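Colleague: Starting off with a structure, shown below.
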Amino acid sequence: MNERRRGPVLIELEDSPDTDARQGPAEEPREPGPSPADAPAIDDPEGPLPRPRTMEMVTRLIGRPPSRLTRIFINSGVALFAFLLSIAALDFLNGLLNSYPLLGWIGIALFAVFTLAALGMAWREYRAWARFARIDAIQRRAGSALAEGSLDQARQATRDLLAIYHKRPEMEWAAKRLAEHQAEAVDAQSLLTMAETELMAQLDQEARREIEAAARTVAAATALIPLALADVAAALAANLRMIRRMAEIYGGRAGAVGGWRLARTVMTHLVATGAVAAGDDLIHTVAGGGVLAKLSRRFGEGVVNGALTARVGIAAMEVCRPLPFIAQPRPKVGNLVTRGLRGLFD
């Protein structure tokens with residue numbers, strides 16, 4: 001018997017001319033077609049994106065600091081006006097006392113009431129700005145505690161937070177819970193994370209709602225108001241109100257003059273972090289504004305102005321918030337604008 005071969009067997013087949021004839025004529029080489037990589041992106045708008053002219057003007061009005069000559073002019077003008085007004089009032093009251101003593105004393109009483117009211121407003125502005133400076137000090141102390149890992153600084157920042165929020169009725173239960181469990185923290189990050197979870201979560205939700213309302217107001221004003229400067233005034237009022245509300249939510253309570261200074265601080269912070277904040281969270285919003293601009297230019301500008309208003313609100317949160325974002329999610333422009341403009345452009 002023949003031995004069975006083991007292993008692979010290679011059979012070579014020679015191409016015959018009959019086989020080539022059966023295969024038919026050879027196919028001609030095709031020209032290379034367009035590559036899918038050369039196709040334009042679907043989300044990219046064809047035309048130019050709408051410019052947020054309203055918010056650009058609002059940013060220039062708030063963020064541009066006056067020059068030294070302008071400050072000297074304004075301060076000297078206000079001082080001269082107050083001096084001349086006081087001299088005129090004293091001369092008038094002196095003549096009124098000589099002519100009609102009773103009316104003179106009534107005028108002196110009214111002038112004294114006005115002076116006391118002016119001093120009271122000045123004292124309120126000072127206390128409001130001092131309270132905001134206290135929150136800023138807590139923010140710096142918390143940041144230093146996280147950077148250095150200092151538990152003592154974290155405890156001091158927590159005590160300052162409890163001193164601010166324990167008198168607020170809506171924060172009483174959270175402040176009491178934090179005071180009971182703060183001794184369980186073993187390091188600075190865990191203690192500040194506990195303080196942020198107990199105290200900042202509820203305030204962050206209120207701040208988000210204010211930002212959404214301001215973005216909706218600015219977008220509607222840009223889209224519906226036909227006058228050139230009326231939408232700028234509406235956007236300026238909405239942004240100033242939003243920034244003041246940020247301070248009130250987190251305990252700053254900025255007054256009239258302090259609110260304007262706080263707005264300038266927020267704009268300075270926005271300029272300092274603008275390159276970082278203009279990331280992926282704004283791309284879809286701007287693209288949506290470009291798509292909507294095909295239907296209406298004013299609606300497209302409204303979406304972009306609303307997105308910039310939301311970015312200003314996030315900057316106000318970072319300035320007014322006593323603690324940095326540790327465990328709580330940082331708000332994004334796209335999410336805020338989506339919720340704020342929901343139902344407005346349907």
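By convention here, the chains of the structure tokens are called A, B, ... in the order presented, each chain's residues are numbered starting at 1, and ligands are numbered starting at 1 in the order presented.
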Quick one: residues within 12 Å of A:Ala112, only C-alpha atoms, excluding same-chain residues fewer than 4 positions away - as a VMD selection string?

Modeller: chain A and resid 86 89 to 90 93 105 to 108 116 to 119

Colleague: Between atom CA of A:Trp173 and atom CA of A:Glu248, measure the distance and give it in Å to one decimal.

Modeller: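 Between atom CA of A:Trp173 and atom CA of A:Glu248 the gap works out to 19.5 Å.
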
Colleague: Could you check which of A:Thr70, A:Ser190, A:Gln182, A:Thr115 is closest to A:Leu146, using only C-alpha atoms?

Modeller: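 Once distances to A:Leu146 are computed over only C-alpha atoms, the minimum belongs to A:Ser190.
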